[in-house]
file my_file.cif (mmCIF, C-alpha atoms)
data_start
#
loop_
_atom_site.label_atom_id
_atom_site.label_comp_id
_atom_site.auth_asym_id
_atom_site.auth_seq_id
_atom_site.Cartn_x
_atom_site.Cartn_y
_atom_site.Cartn_z
CA MET K 8 23.52 -4.32 37.60
CA ILE K 9 20.95 -4.92 34.84
CA PRO K 10 21.50 -8.18 32.97
CA ARG K 11 21.98 -7.89 29.21
CA LYS K 12 19.10 -8.95 27.02
CA LYS K 13 19.57 -12.14 25.12
CA PHE K 14 18.62 -12.42 21.49
CA ARG K 15 18.40 -15.63 19.47
CA PHE K 16 20.86 -14.48 16.80
CA GLY K 17 23.38 -13.35 19.37
CA GLU K 18 23.20 -16.71 21.10
CA ARG K 19 23.62 -18.57 17.80
CA GLU K 20 26.68 -16.52 16.87
CA ALA K 21 28.21 -17.04 20.33
CA VAL K 22 27.99 -20.82 19.96
CA ASN K 23 29.75 -21.00 16.60
CA PRO K 24 30.47 -17.72 14.78
CA ALA K 25 31.81 -19.43 11.62
CA ALA K 26 28.80 -21.69 11.09
CA PRO K 27 25.87 -20.63 8.93
CA ILE K 28 22.73 -19.60 10.75
CA ALA K 29 20.96 -22.66 12.10
CA LEU K 30 17.28 -22.92 11.38
CA THR K 31 15.06 -23.60 14.38
CA ASN K 32 11.55 -25.05 14.27
CA GLU K 33 10.15 -21.58 14.89
CA ASP K 34 12.20 -20.16 12.01
CA ALA K 35 10.97 -22.91 9.67
CA GLN K 36 7.37 -22.21 10.70
CA ASN K 37 7.90 -18.50 10.09
CA LEU K 38 9.26 -19.22 6.61
CA ASP K 39 6.30 -21.48 5.77
CA ALA K 40 3.78 -18.95 7.07
CA TYR K 41 5.50 -16.18 5.13
CA VAL K 42 5.31 -18.10 1.86
CA GLY K 43 1.65 -18.87 2.56
CA LYS K 44 0.87 -15.19 3.13
CA ILE K 45 2.72 -14.21 -0.04
CA LYS K 46 0.58 -16.66 -2.01
CA GLU K 47 -2.57 -15.34 -0.31
CA THR K 48 -1.57 -11.75 -1.13
CA VAL K 49 -0.93 -12.61 -4.78
CA THR K 50 -4.36 -14.29 -4.96
CA ILE K 51 -6.05 -11.18 -3.55
CA LEU K 52 -4.14 -8.89 -5.91
CA ARG K 53 -4.96 -11.09 -8.93
CA ARG K 54 -8.63 -11.04 -7.97
CA GLU K 55 -8.55 -7.24 -7.77
CA ILE K 56 -6.61 -6.84 -11.02
CA ASP K 57 -8.92 -9.20 -12.90
CA ALA K 58 -11.99 -7.42 -11.52
CA ILE K 59 -10.66 -4.01 -12.57
CA LYS K 60 -9.92 -5.30 -16.06
CA ALA K 61 -13.46 -6.76 -16.24
CA GLY K 62 -14.94 -3.41 -15.17
CA GLU K 63 -16.16 -4.65 -11.78
CA LEU K 64 -14.86 -1.67 -9.84
CA GLU K 65 -16.89 -2.37 -6.68
CA VAL K 66 -14.41 -5.19 -5.95
CA VAL K 67 -11.72 -2.58 -5.21
CA GLY K 68 -13.61 -1.43 -2.13
CA GLN K 69 -14.44 -4.97 -1.06
CA VAL K 70 -10.83 -6.15 -1.32
CA TYR K 71 -9.22 -3.11 0.30
CA GLU K 72 -9.55 -4.25 3.93
CA GLU K 73 -8.41 -7.78 3.20
CA LYS K 74 -5.47 -6.57 1.12
CA SER K 75 -4.29 -4.08 3.72
CA LYS K 76 -4.37 -6.70 6.51
CA VAL K 77 -2.30 -9.19 4.54
CA LEU K 78 0.23 -6.58 3.43
CA LYS K 79 0.57 -5.32 7.02
CA TRP K 80 1.17 -8.90 8.20
CA LEU K 81 3.92 -9.30 5.59
CA GLU K 82 5.46 -5.97 6.57
CA LEU K 83 5.60 -6.92 10.25
CA ARG K 84 6.97 -10.44 9.62
CA THR K 85 9.63 -9.49 7.09
CA PRO K 86 12.31 -8.81 9.76
CA LEU K 87 11.89 -12.41 10.96
CA ILE K 88 12.50 -13.73 7.46
CA GLU K 89 15.29 -11.47 6.19
CA PRO K 90 18.16 -13.25 7.97
CA PHE K 91 17.18 -16.48 6.22
CA LEU K 92 16.71 -15.23 2.65
CA HIS K 93 20.06 -16.74 1.63
CA HIS K 94 19.52 -19.90 3.66
CA GLU K 95 18.98 -23.26 1.97
CA ALA K 96 15.48 -23.56 3.48
CA ALA K 97 14.44 -20.28 1.86
CA SER K 98 15.78 -21.51 -1.47
CA ASN K 99 13.85 -24.76 -1.13
CA LEU K 100 10.64 -22.82 -0.46
CA GLY K 101 11.33 -20.44 -3.37
CA ILE K 102 10.85 -17.31 -1.30
CA LYS K 103 12.76 -15.09 -3.72
CA GLU K 104 10.63 -16.28 -6.64
CA HIS K 105 7.44 -15.74 -4.64
CA LEU K 106 8.61 -12.23 -3.70
CA ALA K 107 9.31 -11.47 -7.39
CA VAL K 108 5.76 -12.57 -8.32
CA LEU K 109 4.36 -10.48 -5.45
CA LYS K 110 6.32 -7.43 -6.60
CA LYS K 111 5.08 -7.84 -10.19
CA ASN K 112 1.47 -8.07 -9.05
CA ILE K 113 1.79 -5.10 -6.69
CA GLU K 114 3.22 -2.98 -9.51
CA GLU K 115 0.42 -4.00 -11.89
CA ASP K 116 -2.25 -3.30 -9.24
CA ASP K 117 -0.66 0.06 -8.44
CA ALA K 118 -0.63 1.06 -12.12
CA LEU K 119 -4.31 0.16 -12.55
CA LEU K 120 -5.36 1.97 -9.37
CA SER K 121 -3.33 5.04 -10.36
CA ARG K 122 -5.04 5.15 -13.75
CA MET K 123 -8.42 4.82 -12.05
CA THR K 124 -7.55 7.76 -9.78
CA VAL K 125 -6.53 9.93 -12.72
CA ALA K 126 -9.70 8.99 -14.59
CA ALA K 127 -11.88 9.79 -11.57
CA ARG K 128 -10.19 13.19 -11.15
CA THR K 129 -10.68 13.95 -14.84
CA VAL K 130 -14.37 13.04 -14.69
CA LEU K 131 -14.85 15.18 -11.58
CA ARG K 132 -13.13 18.15 -13.23
CA GLU K 133 -15.32 17.79 -16.33
CA VAL K 134 -18.49 17.58 -14.23
CA GLU K 135 -17.46 20.77 -12.40
CA LYS K 136 -16.82 22.52 -15.72
CA ILE K 137 -20.23 21.51 -17.03
CA THR K 138 -21.94 22.58 -13.81
CA ASN K 139 -20.21 25.96 -13.83
CA ARG K 140 -20.86 26.46 -17.55
CA ASN K 141 -24.59 25.75 -17.30
CA GLY K 142 -25.10 27.53 -14.00
CA LEU K 143 -24.51 31.19 -13.44
CA SER K 144 -22.34 30.59 -10.36
CA GLY K 145 -23.72 33.51 -8.42
CA VAL K 146 -26.39 36.18 -8.17
CA TYR K 147 -26.64 38.96 -10.79
CA GLY K 148 -28.25 42.37 -10.58
CA LYS K 149 -30.51 44.25 -13.07
CA SER K 150 -27.53 45.47 -15.03
CA GLY K 151 -26.23 41.95 -15.60
CA HIS K 152 -23.16 42.35 -13.39
CA LYS K 153 -22.45 39.79 -10.73
CA ARG K 154 -23.47 40.93 -7.24
CA GLY K 155 -20.84 40.77 -4.56
CA ALA K 156 -17.99 40.86 -7.04
CA ALA K 157 -15.44 43.59 -6.52
CA THR K 158 -15.15 45.86 -9.55
CA GLY K 159 -12.08 47.84 -10.37
CA GLY K 160 -9.57 45.94 -8.27
CA ALA K 161 -8.94 46.13 -4.54
CA VAL K 162 -11.05 48.41 -2.39
CA ASN K 163 -9.16 50.69 -0.01
CA LEU K 164 -10.88 51.93 3.13
CA ASP K 165 -9.64 54.81 5.25
CA GLN K 166 -10.99 55.26 8.76
CA GLU K 167 -10.41 57.83 11.42
CA LEU K 168 -11.06 57.13 15.05
#

call {"tool": "encode", "arguments": {"input": "my_file.cif", "output": "structure tokens"}}
result
Amino acid sequence: MIPRKKFRFGEREAVNPAAPIALTNEDAQNLDAYVGKIKETVTILRREIDAIKAGELEVVGQVYEEKSKVLKWLELRTPLIEPFLHHEAASNLGIKEHLAVLKKNIEEDDALLSRMTVAARTVLREVEKITNRNGLSGVYGKSGHKRGAATGGAVNLDQEL
């Protein structure tokens, strides 16, 4: 018979189901590290937002790798923190307030990056229009008609074998 896997939360509940979740040293360290990473993420986002507002767009590329690593770390560690969000230790650390600040900064960064994307697409479309307007976009014959263009609709071809 295969023994059942033991999980920390299951063991805690088995000891005293009515008691609130007890915080272990590891849990406290996870909470501290999580708050630290939230602060680090907010700092990175603020740097990117301020750079975009100042017109220093090269910072977006420089910050991308760093930002994605920190956000991935937060994503992977969130399940370790979620059970303690209503715990007194989380309240003392102000995790909910830090998460609210993080959310605000992520939304602001997203809005700026979205506007940059729209602007870049618009510029590209305008450049293509100008290029097509000033170029002939093909080869023309003596008569002035475009070569290779089908005239008079679809061409039907009948073949006998």

call {"tool": "axis_aligned_box", "arguments": {"input": "my_file.cif", "around": "region 118-121 of chain K", "padding_each_side": "6 Å", "output": "lines of an AutoDock Vina configuration file"}}
result
center_x = -3.0
center_y = 2.6
center_z = -11.0
size_x = 16.7
size_y = 16.9
size_z = 15.2

call {"tool": "residues_around", "arguments": {"input": "my_file.cif", "residues": "region 33-41 of chain K", "least_positions_apart": "4", "cutoff": "12 Å", "atoms": "all atoms listed in the file", "output": "compact mmCIF listing (two decimals) with C-alpha atoms, in the coordinates of the input"}}
result
# COMPACT_ATOMS: atom_id res chain seq x y z
CA ARG K 15 18.40 -15.63 19.47
CA PHE K 16 20.86 -14.48 16.80
CA ILE K 28 22.73 -19.60 10.75
CA ALA K 29 20.96 -22.66 12.10
CA ILE K 45 2.72 -14.21 -0.04
CA LYS K 46 0.58 -16.66 -2.01
CA GLU K 47 -2.57 -15.34 -0.31
CA THR K 48 -1.57 -11.75 -1.13
CA VAL K 77 -2.30 -9.19 4.54
CA LEU K 78 0.23 -6.58 3.43
CA TRP K 80 1.17 -8.90 8.20
CA LEU K 81 3.92 -9.30 5.59
CA GLU K 82 5.46 -5.97 6.57
CA LEU K 83 5.60 -6.92 10.25
CA ARG K 84 6.97 -10.44 9.62
CA THR K 85 9.63 -9.49 7.09
CA PRO K 86 12.31 -8.81 9.76
CA LEU K 87 11.89 -12.41 10.96
CA ILE K 88 12.50 -13.73 7.46
CA GLU K 89 15.29 -11.47 6.19
CA PRO K 90 18.16 -13.25 7.97
CA PHE K 91 17.18 -16.48 6.22
CA LEU K 92 16.71 -15.23 2.65
CA HIS K 94 19.52 -19.90 3.66
CA GLU K 95 18.98 -23.26 1.97
CA ALA K 96 15.48 -23.56 3.48
CA ALA K 97 14.44 -20.28 1.86
CA SER K 98 15.78 -21.51 -1.47
CA ASN K 99 13.85 -24.76 -1.13
CA LEU K 100 10.64 -22.82 -0.46
CA GLY K 101 11.33 -20.44 -3.37
CA ILE K 102 10.85 -17.31 -1.30
CA LYS K 103 12.76 -15.09 -3.72
CA HIS K 105 7.44 -15.74 -4.64
CA LEU K 106 8.61 -12.23 -3.70

call {"tool": "resolve_selection", "arguments": {"input": "my_file.cif", "expression": "the PyMOL selection byres ((chain K and resi 118-134) around 12)", "output": "short mmCIF file (atom, residue, chain, number, x, y, z; two decimals) with C-alpha atoms, in the frame of the given file"}}
result
data_model
loop_
_atom_site.label_atom_id
_atom_site.label_comp_id
_atom_site.auth_asym_id
_atom_site.auth_seq_id
_atom_site.Cartn_x
_atom_site.Cartn_y
_atom_site.Cartn_z
CA LEU K 52 -4.14 -8.89 -5.91
CA ARG K 53 -4.96 -11.09 -8.93
CA GLU K 55 -8.55 -7.24 -7.77
CA ILE K 56 -6.61 -6.84 -11.02
CA ASP K 57 -8.92 -9.20 -12.90
CA ALA K 58 -11.99 -7.42 -11.52
CA ILE K 59 -10.66 -4.01 -12.57
CA LYS K 60 -9.92 -5.30 -16.06
CA GLY K 62 -14.94 -3.41 -15.17
CA LEU K 64 -14.86 -1.67 -9.84
CA VAL K 67 -11.72 -2.58 -5.21
CA GLY K 68 -13.61 -1.43 -2.13
CA TYR K 71 -9.22 -3.11 0.30
CA LYS K 111 5.08 -7.84 -10.19
CA ASN K 112 1.47 -8.07 -9.05
CA ILE K 113 1.79 -5.10 -6.69
CA GLU K 114 3.22 -2.98 -9.51
CA GLU K 115 0.42 -4.00 -11.89
CA ASP K 116 -2.25 -3.30 -9.24
CA ASP K 117 -0.66 0.06 -8.44
CA GLU K 135 -17.46 20.77 -12.40
CA LYS K 136 -16.82 22.52 -15.72
CA ILE K 137 -20.23 21.51 -17.03
CA THR K 138 -21.94 22.58 -13.81
CA ASN K 139 -20.21 25.96 -13.83
CA ARG K 140 -20.86 26.46 -17.55
CA ASN K 141 -24.59 25.75 -17.30
CA GLY K 142 -25.10 27.53 -14.00
#

call {"tool": "atom_distance", "arguments": {"input": "my_file.cif", "atom1": "CA of Lys74 (chain K)", "atom2": "CA of Val49 (chain K)"}}
result
9.6 Å

call {"tool": "atom_distance", "arguments": {"input": "my_file.cif", "atom1": "CA of Ala107 (chain K)", "atom2": "CA of Leu30 (chain K)"}}
result
23.4 Å

call {"tool": "closest_residue", "arguments": {"input": "my_file.cif", "among": "K:Leu109, K:Val66, K:Lys149, K:Glu73", "to": "Gly43 (chain K)", "atoms": "only C-alpha atoms"}}
result
K:Leu109

call {"tool": "atom_distance", "arguments": {"input": "my_file.cif", "atom1": "CA of Glu104 (chain K)", "atom2": "CA of Val70 (chain K)"}}
result
24.3 Å
